[in-house]
$ cat run_29.cif   # mmCIF, C-alpha atoms
data_protein
loop_
_atom_site.label_atom_id
_atom_site.label_comp_id
_atom_site.auth_asym_id
_atom_site.auth_seq_id
_atom_site.Cartn_x
_atom_site.Cartn_y
_atom_site.Cartn_z
CA MET A 1 25.23 3.30 14.32
CA ALA A 2 22.82 0.37 14.06
CA HIS A 3 23.94 -2.91 12.52
CA TYR A 4 21.89 -5.10 10.21
CA ASP A 5 22.81 -8.15 8.17
CA ALA A 6 20.18 -7.79 5.44
CA ILE A 7 17.12 -5.92 4.24
CA LEU A 8 13.86 -7.90 4.23
CA LEU A 9 11.41 -6.76 1.54
CA ALA A 10 8.00 -7.98 2.69
CA GLY A 11 5.22 -8.36 0.12
CA PHE A 12 1.63 -9.50 -0.11
CA GLY A 13 2.30 -12.20 -2.68
CA GLY A 14 0.24 -13.34 -5.64
CA PRO A 15 -0.45 -16.34 -7.89
CA GLU A 16 1.85 -17.05 -10.82
CA GLY A 17 -0.36 -19.44 -12.78
CA GLN A 18 -3.95 -20.63 -13.11
CA ASP A 19 -3.41 -23.51 -10.67
CA ASP A 20 -2.19 -21.08 -8.02
CA VAL A 21 -5.25 -18.82 -7.97
CA ILE A 22 -7.63 -20.62 -5.60
CA PRO A 23 -4.90 -21.82 -3.19
CA PHE A 24 -3.60 -18.25 -3.06
CA LEU A 25 -7.06 -16.85 -2.33
CA ARG A 26 -7.51 -19.46 0.41
CA ASN A 27 -4.29 -18.20 1.98
CA VAL A 28 -5.49 -14.59 1.80
CA THR A 29 -8.87 -15.35 3.38
CA ARG A 30 -7.82 -18.06 5.85
CA GLY A 31 -9.84 -17.88 9.07
CA ARG A 32 -12.48 -15.55 7.65
CA GLY A 33 -15.01 -18.18 6.60
CA ILE A 34 -15.21 -17.01 2.99
CA PRO A 35 -17.21 -19.54 0.91
CA GLU A 36 -15.59 -21.16 -2.13
CA GLU A 37 -18.12 -19.56 -4.48
CA ARG A 38 -16.99 -16.11 -3.35
CA LEU A 39 -13.37 -17.12 -4.00
CA GLU A 40 -14.37 -18.16 -7.51
CA GLU A 41 -15.90 -14.72 -8.07
CA VAL A 42 -12.62 -13.04 -7.17
CA ALA A 43 -10.59 -15.65 -9.06
CA HIS A 44 -11.86 -14.43 -12.42
CA HIS A 45 -9.95 -11.18 -11.90
CA TYR A 46 -6.73 -13.19 -11.84
CA ARG A 47 -7.84 -15.62 -14.54
CA HIS A 48 -8.45 -12.63 -16.81
CA PHE A 49 -4.67 -12.10 -16.68
CA GLY A 50 -3.74 -15.75 -17.13
CA GLY A 51 -3.81 -16.50 -13.41
CA ILE A 52 -0.74 -14.35 -12.91
CA SER A 53 -0.67 -11.46 -10.48
CA PRO A 54 1.89 -8.81 -11.45
CA ILE A 55 2.84 -8.22 -7.82
CA ASN A 56 5.56 -10.85 -7.51
CA ASN A 57 7.42 -9.69 -10.60
CA GLN A 58 7.05 -6.08 -9.45
CA ASN A 59 8.73 -7.00 -6.18
CA ARG A 60 11.51 -8.80 -8.02
CA VAL A 61 12.14 -5.63 -10.00
CA LEU A 62 11.92 -3.50 -6.84
CA ARG A 63 14.34 -5.80 -5.05
CA ALA A 64 16.87 -5.40 -7.87
CA ALA A 65 16.40 -1.63 -7.89
CA LEU A 66 16.98 -1.47 -4.13
CA GLU A 67 20.14 -3.54 -4.45
CA THR A 68 21.42 -1.19 -7.15
CA GLU A 69 20.65 1.92 -5.07
CA LEU A 70 22.23 0.46 -1.94
CA ALA A 71 25.38 -0.46 -3.87
CA ALA A 72 25.53 3.02 -5.41
CA ARG A 73 25.59 4.47 -1.89
CA GLY A 74 28.22 2.05 -0.70
CA ILE A 75 25.84 0.14 1.59
CA ASP A 76 26.77 -3.53 1.63
CA LEU A 77 23.46 -5.16 2.54
CA PRO A 78 21.71 -7.93 0.60
CA VAL A 79 17.99 -7.56 -0.07
CA LEU A 80 15.88 -10.60 0.80
CA TRP A 81 12.29 -10.93 -0.35
CA GLY A 82 9.42 -12.80 1.28
CA ASN A 83 5.63 -12.82 1.01
CA ARG A 84 2.65 -13.14 3.29
CA ASN A 85 0.37 -15.20 1.04
CA TRP A 86 2.49 -16.93 -1.61
CA GLY A 87 6.02 -18.09 -2.25
CA PRO A 88 8.63 -17.14 -1.37
CA TYR A 89 7.04 -17.24 2.09
CA LEU A 90 8.43 -15.04 4.84
CA ARG A 91 8.90 -18.00 7.19
CA ASP A 92 11.14 -19.74 4.64
CA VAL A 93 13.11 -16.60 3.84
CA VAL A 94 13.75 -15.89 7.53
CA ALA A 95 14.89 -19.49 8.09
CA GLU A 96 17.31 -19.28 5.17
CA ALA A 97 18.60 -15.93 6.38
CA HIS A 98 19.45 -17.47 9.76
CA THR A 99 21.21 -20.37 8.06
CA ASN A 100 23.31 -17.81 6.19
CA GLY A 101 24.19 -15.98 9.41
CA GLN A 102 21.82 -13.07 8.79
CA ASP A 103 20.21 -12.66 12.19
CA ARG A 104 19.53 -8.90 12.23
CA LEU A 105 17.02 -7.94 9.56
CA LEU A 106 15.53 -4.55 8.69
CA ALA A 107 12.15 -4.96 7.02
CA ILE A 108 10.50 -2.79 4.39
CA ALA A 109 6.80 -3.66 4.03
CA THR A 110 5.27 -2.80 0.66
CA SER A 111 2.59 -0.65 2.27
CA ALA A 112 2.84 3.05 3.07
CA TYR A 113 -0.04 3.68 5.48
CA SER A 114 -1.05 2.71 9.00
CA SER A 115 -3.67 -0.04 9.22
CA TYR A 116 -3.92 -3.63 10.36
CA SER A 117 -3.25 -5.14 6.93
CA GLY A 118 -0.74 -2.45 5.99
CA CYS A 119 1.42 -2.52 9.10
CA ARG A 120 0.51 -4.63 12.11
CA GLN A 121 -0.25 -7.76 10.08
CA TYR A 122 3.26 -7.61 8.61
CA ARG A 123 4.62 -7.31 12.13
CA GLU A 124 2.58 -10.39 13.07
CA ASP A 125 3.91 -12.17 9.98
CA PHE A 126 7.46 -11.49 11.14
CA ALA A 127 6.65 -12.85 14.61
CA GLU A 128 5.04 -15.95 13.07
CA ALA A 129 8.12 -16.52 10.90
CA LEU A 130 10.34 -16.42 13.98
CA SER A 131 8.03 -18.70 15.94
CA ALA A 132 7.64 -21.23 13.12
CA ASN A 133 11.41 -21.60 12.95
CA GLY A 134 12.11 -21.45 16.69
CA LEU A 135 14.12 -18.29 16.20
CA GLU A 136 12.60 -16.00 18.84
CA GLY A 137 15.46 -14.34 20.69
CA THR A 138 17.92 -15.40 17.97
CA VAL A 139 16.81 -13.44 14.91
CA GLN A 140 15.77 -9.79 15.29
CA ILE A 141 13.45 -8.14 12.77
CA ASP A 142 13.01 -4.38 12.90
CA LYS A 143 10.92 -2.37 10.44
CA VAL A 144 11.28 1.02 8.78
CA ARG A 145 8.59 3.59 9.54
CA GLN A 146 5.38 3.96 7.56
CA PHE A 147 6.37 6.17 4.64
CA PHE A 148 3.04 7.64 3.51
CA ASP A 149 4.38 11.20 3.60
CA HIS A 150 8.01 10.58 2.66
CA PRO A 151 8.94 12.65 -0.43
CA GLY A 152 10.09 9.52 -2.23
CA PHE A 153 6.58 8.07 -2.09
CA VAL A 154 4.63 11.28 -2.66
CA THR A 155 6.66 12.90 -5.46
CA PRO A 156 5.75 10.30 -8.14
CA PHE A 157 2.07 11.00 -7.48
CA ILE A 158 2.60 14.76 -7.84
CA THR A 159 4.34 14.16 -11.16
CA GLY A 160 1.61 11.76 -12.25
CA VAL A 161 -1.24 14.13 -11.44
CA ARG A 162 0.46 16.97 -13.30
CA LYS A 163 0.79 14.76 -16.37
CA GLY A 164 -2.77 13.50 -15.94
CA LEU A 165 -4.20 17.02 -15.90
CA ALA A 166 -2.12 17.89 -18.95
CA GLU A 167 -3.52 14.83 -20.73
CA VAL A 168 -7.05 15.90 -19.86
CA ALA A 169 -6.41 19.42 -21.15
CA ALA A 170 -4.97 18.05 -24.40
CA ALA A 171 -7.84 15.61 -24.92
CA ILE A 172 -10.60 18.13 -24.21
CA PRO A 173 -9.49 21.57 -25.45
CA GLY A 174 -10.93 24.40 -23.40
CA ILE A 175 -11.92 22.24 -20.43
CA ASN A 176 -11.96 24.14 -17.14
CA LEU A 177 -9.58 22.28 -14.79
CA ALA A 178 -11.12 23.99 -11.77
CA THR A 179 -14.78 23.24 -12.40
CA GLU A 180 -15.02 20.39 -14.92
CA VAL A 181 -12.38 17.94 -13.66
CA GLU A 182 -12.28 15.89 -10.48
CA ILE A 183 -9.26 14.15 -9.01
CA LEU A 184 -10.19 10.88 -7.31
CA PHE A 185 -7.62 9.73 -4.78
CA SER A 186 -8.33 6.02 -4.40
CA THR A 187 -7.25 3.58 -1.73
CA HIS A 188 -8.28 0.19 -0.40
CA SER A 189 -11.42 0.28 1.73
CA ILE A 190 -11.23 -1.36 5.15
CA PRO A 191 -13.86 -2.00 7.84
CA MET A 192 -14.66 1.16 9.75
CA THR A 193 -13.99 -0.64 13.03
CA ASP A 194 -10.44 -1.40 11.87
CA ALA A 195 -9.99 2.10 10.47
CA ALA A 196 -10.89 3.59 13.85
CA LYS A 197 -8.15 1.48 15.46
CA SER A 198 -5.45 2.43 12.96
CA GLY A 199 -2.61 4.38 14.50
CA PRO A 200 -2.13 5.10 18.20
CA ALA A 201 -5.41 5.72 20.02
CA THR A 202 -3.73 8.51 21.99
CA LEU A 203 -3.50 10.67 18.85
CA GLY A 204 -7.31 10.83 18.51
CA PHE A 205 -7.82 10.62 14.76
CA GLY A 206 -11.54 9.85 14.99
CA GLU A 207 -13.65 7.26 13.20
CA GLY A 208 -11.38 6.97 10.15
CA GLY A 209 -8.29 6.62 12.34
CA ALA A 210 -4.77 7.30 11.16
CA TYR A 211 -5.51 5.42 7.93
CA LYS A 212 -7.99 7.96 6.61
CA ALA A 213 -6.18 10.94 8.13
CA GLN A 214 -2.90 9.98 6.46
CA HIS A 215 -4.52 9.60 3.05
CA LEU A 216 -6.29 12.96 3.33
CA ALA A 217 -3.09 14.68 4.40
CA VAL A 218 -1.10 13.20 1.50
CA ALA A 219 -3.85 14.08 -0.99
CA GLN A 220 -3.66 17.70 0.14
CA VAL A 221 0.12 17.69 -0.40
CA VAL A 222 -0.32 16.29 -3.91
CA ILE A 223 -2.95 18.91 -4.75
CA ALA A 224 -0.68 21.69 -3.47
CA GLY A 225 2.19 20.31 -5.55
CA THR A 226 0.26 20.10 -8.82
CA SER A 227 -0.97 23.68 -9.15
CA VAL A 228 -0.41 25.21 -12.55
CA ALA A 229 0.13 28.77 -13.69
CA PRO A 230 -2.08 30.66 -13.23
CA PRO A 231 -2.95 28.76 -10.02
CA VAL A 232 -5.86 26.36 -10.44
CA GLU A 233 -7.02 24.01 -7.70
CA THR A 234 -8.83 21.08 -9.25
CA GLN A 235 -11.66 19.58 -7.23
CA TRP A 236 -10.81 16.35 -5.47
CA GLN A 237 -12.04 13.71 -3.06
CA LEU A 238 -10.81 10.60 -1.29
CA VAL A 239 -12.57 7.46 -2.50
CA PHE A 240 -12.27 3.76 -1.74
CA GLN A 241 -12.13 0.52 -3.68
CA SER A 242 -11.80 -3.26 -3.42
CA ARG A 243 -14.30 -3.77 -0.62
CA SER A 244 -14.64 -7.46 0.22
CA GLY A 245 -16.77 -7.63 3.39
CA PRO A 246 -20.44 -8.50 3.85
CA PRO A 247 -23.00 -5.72 3.21
CA SER A 248 -23.89 -5.71 6.91
CA MET A 249 -20.38 -4.56 7.87
CA PRO A 250 -19.69 -0.81 7.47
CA TRP A 251 -16.58 -0.11 5.38
CA LEU A 252 -14.97 3.19 4.45
CA GLU A 253 -16.89 4.98 1.70
CA PRO A 254 -17.60 6.28 -0.90
CA ASP A 255 -16.78 3.52 -3.36
CA ILE A 256 -15.00 4.95 -6.38
CA ASN A 257 -17.66 3.72 -8.80
CA ASP A 258 -20.46 5.29 -6.76
CA ALA A 259 -18.51 8.54 -6.61
CA ILE A 260 -17.96 8.57 -10.38
CA ALA A 261 -21.67 8.06 -11.04
CA LEU A 262 -22.50 11.30 -9.22
CA LEU A 263 -20.02 13.51 -11.07
CA PRO A 264 -21.84 14.33 -14.34
CA ALA A 265 -24.69 15.95 -12.41
CA ARG A 266 -22.12 18.43 -11.04
CA GLY A 267 -20.84 19.28 -14.50
CA ILE A 268 -17.70 17.16 -14.29
CA ARG A 269 -16.41 16.05 -17.70
CA ALA A 270 -13.18 14.24 -16.79
CA VAL A 271 -11.58 12.39 -13.89
CA VAL A 272 -7.97 11.81 -12.91
CA ILE A 273 -7.76 8.57 -10.92
CA VAL A 274 -4.89 8.45 -8.44
CA PRO A 275 -4.09 5.08 -6.76
CA LEU A 276 -2.83 6.91 -3.69
CA GLY A 277 -2.99 3.90 -1.38
CA PHE A 278 -0.83 1.61 -3.51
CA VAL A 279 2.89 1.29 -4.15
CA SER A 280 2.71 -0.67 -7.43
CA ASP A 281 0.35 -1.51 -10.28
CA HIS A 282 -0.82 -4.83 -8.86
CA MET A 283 -4.12 -6.64 -9.39
CA GLU A 284 -6.39 -4.30 -7.45
CA VAL A 285 -5.07 -1.37 -9.44
CA MET A 286 -5.26 -3.15 -12.78
CA TRP A 287 -8.72 -4.65 -12.23
CA ASP A 288 -10.55 -2.30 -9.88
CA LEU A 289 -9.24 0.91 -11.44
CA ASP A 290 -8.11 0.16 -15.00
CA ASN A 291 -11.11 -2.07 -15.68
CA GLU A 292 -14.05 -1.32 -13.38
CA ALA A 293 -13.54 2.36 -12.53
CA THR A 294 -12.47 3.22 -16.06
CA GLU A 295 -15.54 1.44 -17.46
CA THR A 296 -17.76 3.30 -14.99
CA ALA A 297 -16.30 6.61 -16.13
CA THR A 298 -16.92 5.72 -19.78
CA GLU A 299 -20.49 4.66 -19.03
CA HIS A 300 -21.13 8.09 -17.52
CA GLY A 301 -19.55 9.98 -20.40
CA LEU A 302 -16.40 10.97 -18.55
CA PHE A 303 -12.88 11.07 -19.95
CA SER A 304 -10.52 9.35 -17.52
CA VAL A 305 -6.81 9.15 -16.84
CA ARG A 306 -5.20 6.78 -14.35
CA VAL A 307 -2.00 7.98 -12.69
CA PRO A 308 0.86 5.46 -12.22
CA THR A 309 1.85 4.12 -8.81
CA PRO A 310 5.44 4.71 -7.57
CA GLY A 311 6.56 1.24 -8.75
CA VAL A 312 10.31 1.59 -9.25
CA ASP A 313 10.33 5.34 -9.84
CA PRO A 314 13.86 6.50 -8.94
CA ALA A 315 12.48 8.91 -6.31
CA TYR A 316 10.59 6.05 -4.63
CA VAL A 317 13.51 3.63 -4.67
CA SER A 318 15.84 6.32 -3.35
CA GLY A 319 13.29 7.18 -0.65
CA LEU A 320 13.12 3.58 0.55
CA VAL A 321 16.89 3.50 0.86
CA ASP A 322 16.70 6.81 2.75
CA LEU A 323 14.49 4.99 5.27
CA VAL A 324 17.15 2.30 5.62
CA VAL A 325 19.84 4.93 6.14
CA GLU A 326 17.70 6.56 8.88
CA ARG A 327 17.92 3.34 10.86
CA LEU A 328 21.55 2.59 10.06
CA THR A 329 22.73 6.03 11.18
CA ASP A 330 20.09 6.88 13.82
CA VAL A 331 18.96 10.05 12.04
CA PRO A 332 17.20 12.30 14.60
CA VAL A 333 13.44 12.59 14.17
CA GLU A 334 13.61 16.32 13.50
CA GLU A 335 15.91 15.67 10.52
CA ARG A 336 13.71 13.04 8.88
CA PRO A 337 11.73 14.22 5.83
CA ALA A 338 7.94 14.25 6.05
CA LEU A 339 5.56 16.26 3.87
CA THR A 340 2.59 16.31 6.28
CA ASP A 341 2.13 17.42 9.86
CA LEU A 342 1.40 13.77 10.78
CA GLY A 343 4.94 12.58 10.17
CA PRO A 344 7.59 11.44 10.39
CA TRP A 345 5.90 8.27 11.67
CA PHE A 346 7.25 6.02 14.42
CA ASP A 347 10.07 3.49 13.99
CA VAL A 348 8.53 1.39 16.74
CA CYS A 349 4.74 1.03 16.66
CA ARG A 350 2.89 2.28 19.72
CA PRO A 351 0.92 0.05 22.13
CA GLY A 352 -2.41 -1.08 20.69
CA CYS A 353 -1.66 0.41 17.27
CA CYS A 354 -3.71 -0.97 14.35
CA GLU A 355 -5.65 -3.61 16.24
CA ASN A 356 -7.66 -6.16 14.27
CA VAL A 357 -10.99 -5.80 16.03
CA ARG A 358 -12.24 -9.20 14.90
CA LEU A 359 -9.13 -11.21 15.81
CA GLY A 360 -7.60 -9.15 18.61
CA PHE A 361 -3.89 -8.91 19.22
CA LYS A 362 -1.48 -11.62 18.09
CA PRO A 363 2.26 -11.62 18.84
CA ALA A 364 4.09 -9.00 16.78
CA VAL A 365 7.60 -7.61 16.53
CA ALA A 366 8.91 -4.08 15.84
CA GLY A 367 6.41 -2.50 18.20
CA MET A 368 5.38 -2.09 21.81
CA ALA A 369 3.02 -4.71 23.29
CA PRO A 370 0.28 -5.54 22.76
#
$ encode --input "run_29.cif" --output "structure tokens"
Amino acid sequence: MAHYDAILLAGFGGPEGQDDVIPFLRNVTRGRGIPEERLEEVAHHYRHFGGISPINNQNRVLRAALETELAARGIDLPVLWGNRNWGPYLRDVVAEAHTNGQDRLLAIATSAYSSYSGCRQYREDFAEALSANGLEGTVQIDKVRQFFDHPGFVTPFITGVRKGLAEVAAAIPGINLATEVEILFSTHSIPMTDAAKSGPATLGFGEGGAYKAQHLAVAQVVIAGTSVAPPVETQWQLVFQSRSGPPSMPWLEPDINDAIALLPARGIRAVVIVPLGFVSDHMEVMWDLDNEATETATEHGLFSVRVPTPGVDPAYVSGLVDLVVERLTDVPVEERPALTDLGPWFDVCRPGCCENVRLGFKPAVAGMAP
């Protein structure tokens, strides 16, 4: 049996007022040399919503849901919450935890897939929080495994796609779900150099790395789980969104808007947009999908439905607590649920996993060096 003093919910963070927007974006892009005018371009996404990102409130709600689920299972562990880019900052939360005698923390990062920003950067954040407070060797931070193919994460998407297809069928009577509808599984684009380094190099995932392979595997599970009677397999593809790099740098493609533009020529009349790479309806879902992608679909004469993210779906919350229980009770790997052949993923990240090609390796916890 493993012992922990608290759960550490680790988030991205977001502004909570107009005055927060630019300082927040500076935090996000620190060290990347992004000009102020580019920050202003992105800022209008947040200003459209009053300068408030929904992500912090979503994590407050998730934290409360986790506390309720833990208590219902008789697990007496408080849930702490800290962010990478905005308050409450991880370094401050870790310092307060130590003051309260909570020196063994089990982290849940709000990201399901393997990539630098989705996994290793959180591990670096934890190491930085320990270093900033002089707590190396005093406070231990472990991390639950990447949960891309855990049933708790995947099941809400299966439910959402089923409902989305039903909505399409109701809106367009007689539509052929097999030939006139396309399911677009969308996730955040990342540089191809970083994608290639995602996951352990020894597993040989190819140019898209574990990041792309995991998304494709989960998409196939969702498609298999949403078949109707008689069986109909709707066409689908993996698409990407929210690219932020210079045009000269290759990023994962196709962009969702480019993909949508090509669909009418194939006879597609409706799209079901699935935010497969995201755990909650934060800014990049609300702006890039609900605004931009939905507008693109309308411009091309397509009916569109956007599927919800897991958010605080009971299956998702229960699944996260399952991941905690795995670590508390040392559940054997062969008994851990995973819906793809790629999982269950590792508790401890492998050497060289998810390297940032531009910055190289920084100190990180919950994994093997480097």
$ atom_distance --input "run_29.cif" --atom1 "atom CA of A:Pro151" --atom2 "atom CA of A:Gly319"
7.0 Å
$ resolve_selection --input "run_29.cif" --expression "the PyMOL selection byres ((chain A and resi 1-4) around 9)" --output "ChimeraX atom specification"
/A:5-7,77,102-106,327-330
$ resolve_selection --input "run_29.cif" --expression "the PyMOL selection byres ((chain A and resi 337) around 10)" --output "ChimeraX atom specification"
/A:147,149-152,319,322-323,333-336,338-340,343-344
$ write_last_selection --input "run_29.cif" --atoms "C-alpha atoms" --output "mmCIF file, in the coordinates of the input"
data_model
loop_
_atom_site.group_PDB
_atom_site.id
_atom_site.type_symbol
_atom_site.label_atom_id
_atom_site.label_comp_id
_atom_site.auth_asym_id
_atom_site.auth_seq_id
_atom_site.Cartn_x
_atom_site.Cartn_y
_atom_site.Cartn_z
ATOM 1 C CA PHE A 147 6.370 6.170 4.640
ATOM 2 C CA ASP A 149 4.380 11.200 3.600
ATOM 3 C CA HIS A 150 8.010 10.580 2.660
ATOM 4 C CA PRO A 151 8.940 12.650 -0.430
ATOM 5 C CA GLY A 152 10.090 9.520 -2.230
ATOM 6 C CA GLY A 319 13.290 7.180 -0.650
ATOM 7 C CA ASP A 322 16.700 6.810 2.750
ATOM 8 C CA LEU A 323 14.490 4.990 5.270
ATOM 9 C CA VAL A 333 13.440 12.590 14.170
ATOM 10 C CA GLU A 334 13.610 16.320 13.500
ATOM 11 C CA GLU A 335 15.910 15.670 10.520
ATOM 12 C CA ARG A 336 13.710 13.040 8.880
ATOM 13 C CA ALA A 338 7.940 14.250 6.050
ATOM 14 C CA LEU A 339 5.560 16.260 3.870
ATOM 15 C CA THR A 340 2.590 16.310 6.280
ATOM 16 C CA GLY A 343 4.940 12.580 10.170
ATOM 17 C CA PRO A 344 7.590 11.440 10.390
#
$ resolve_selection --input "run_29.cif" --expression "the PyMOL selection byres ((chain A and resi 98-100) around 12)" --output "PyMOL selection string"
chain A and resi 5-6+78+80+91-97+101-105+129-130+133-136+138-141
$ closest_residue --input "run_29.cif" --among "A:Ser53, A:Ser318, A:Thr202, A:Thr193" --to "A:Gly352" --atoms "all atoms listed in the file"
A:Thr202
$ atom_distance --input "run_29.cif" --atom1 "atom CA of A:Gly209" --atom2 "atom CA of A:Met283"
25.8 Å
$ closest_atom_pairs --input "run_29.cif" --of "stretch 140-183 of chain A" --to "stretch 294-313 of chain A" --cutoff "10 Å" --atoms "all atoms listed in the file" --output "JSON lines"
{"residue": "A:Gly152", "atom": "CA", "partner": "A:Pro310", "partner_atom": "CA", "distance": 8.6}
{"residue": "A:Phe153", "atom": "CA", "partner": "A:Pro310", "partner_atom": "CA", "distance": 6.5}
{"residue": "A:Val154", "atom": "CA", "partner": "A:Pro310", "partner_atom": "CA", "distance": 8.2}
{"residue": "A:Thr155", "atom": "CA", "partner": "A:Pro310", "partner_atom": "CA", "distance": 8.5}
{"residue": "A:Pro156", "atom": "CA", "partner": "A:Pro310", "partner_atom": "CA", "distance": 5.6}
{"residue": "A:Phe157", "atom": "CA", "partner": "A:Thr309", "partner_atom": "CA", "distance": 7.0}
{"residue": "A:Ile158", "atom": "CA", "partner": "A:Val307", "partner_atom": "CA", "distance": 9.5}
{"residue": "A:Thr159", "atom": "CA", "partner": "A:Val307", "partner_atom": "CA", "distance": 9.0}
{"residue": "A:Gly160", "atom": "CA", "partner": "A:Val307", "partner_atom": "CA", "distance": 5.2}
{"residue": "A:Val161", "atom": "CA", "partner": "A:Val307", "partner_atom": "CA", "distance": 6.3}
{"residue": "A:Arg162", "atom": "CA", "partner": "A:Val307", "partner_atom": "CA", "distance": 9.3}
{"residue": "A:Lys163", "atom": "CA", "partner": "A:Val307", "partner_atom": "CA", "distance": 8.2}
{"residue": "A:Gly164", "atom": "CA", "partner": "A:Val305", "partner_atom": "CA", "distance": 6.0}
{"residue": "A:Leu165", "atom": "CA", "partner": "A:Val305", "partner_atom": "CA", "distance": 8.3}
{"residue": "A:Glu167", "atom": "CA", "partner": "A:Val305", "partner_atom": "CA", "distance": 7.6}
{"residue": "A:Val168", "atom": "CA", "partner": "A:Val305", "partner_atom": "CA", "distance": 7.4}
{"residue": "A:Ala171", "atom": "CA", "partner": "A:Phe303", "partner_atom": "CA", "distance": 8.4}
{"residue": "A:Ile172", "atom": "CA", "partner": "A:Phe303", "partner_atom": "CA", "distance": 8.6}
{"residue": "A:Val181", "atom": "CA", "partner": "A:Phe303", "partner_atom": "CA", "distance": 9.3}
{"residue": "A:Glu182", "atom": "CA", "partner": "A:Ser304", "partner_atom": "CA", "distance": 9.8}
{"residue": "A:Ile183", "atom": "CA", "partner": "A:Val305", "partner_atom": "CA", "distance": 9.6}
$ residues_around --input "run_29.cif" --residues "A:Glu292" --least-positions-apart "5" --cutoff "12 Å" --atoms "only C-alpha atoms" --output "MDAnalysis selection string"
chainID A and resid 45 241:242 255:258 260 273 283:287 297:299 304
$ closest_residue --input "run_29.cif" --among "A:Ser244, A:Ser131, A:Asn291, A:Asn59" --to "A:Leu9" --atoms "all atoms listed in the file"
A:Asn59
$ residues_around --input "run_29.cif" --residues "A:Ala178" --least-positions-apart "4" --cutoff "12 Å" --atoms "all atoms listed in the file" --output "ChimeraX atom specification"
/A:165,169,174,182-183,223,227-228,230-236,267-271
$ closest_residue --input "run_29.cif" --among "A:Val144, A:Val321, A:Ala369, A:Val331" --to "A:Phe346" --atoms "only C-alpha atoms"
A:Val144
$ atom_distance --input "run_29.cif" --atom1 "atom CA of A:Arg350" --atom2 "atom CA of A:Ala201"
9.0 Å
$ closest_residue --input "run_29.cif" --among "A:Glu16, A:Asp125, A:Asp194, A:Glu36" --to "A:Phe49" --atoms "only C-alpha atoms"
A:Glu16
$ closest_residue --input "run_29.cif" --among "A:Pro370, A:Leu90, A:Val348, A:Tyr316" --to "A:Glu128" --atoms "all atoms listed in the file"
A:Leu90
$ closest_residue --input "run_29.cif" --among "A:Phe240, A:Leu320, A:Glu41, A:Val365" --to "A:Pro275" --atoms "all atoms listed in the file"
A:Phe240
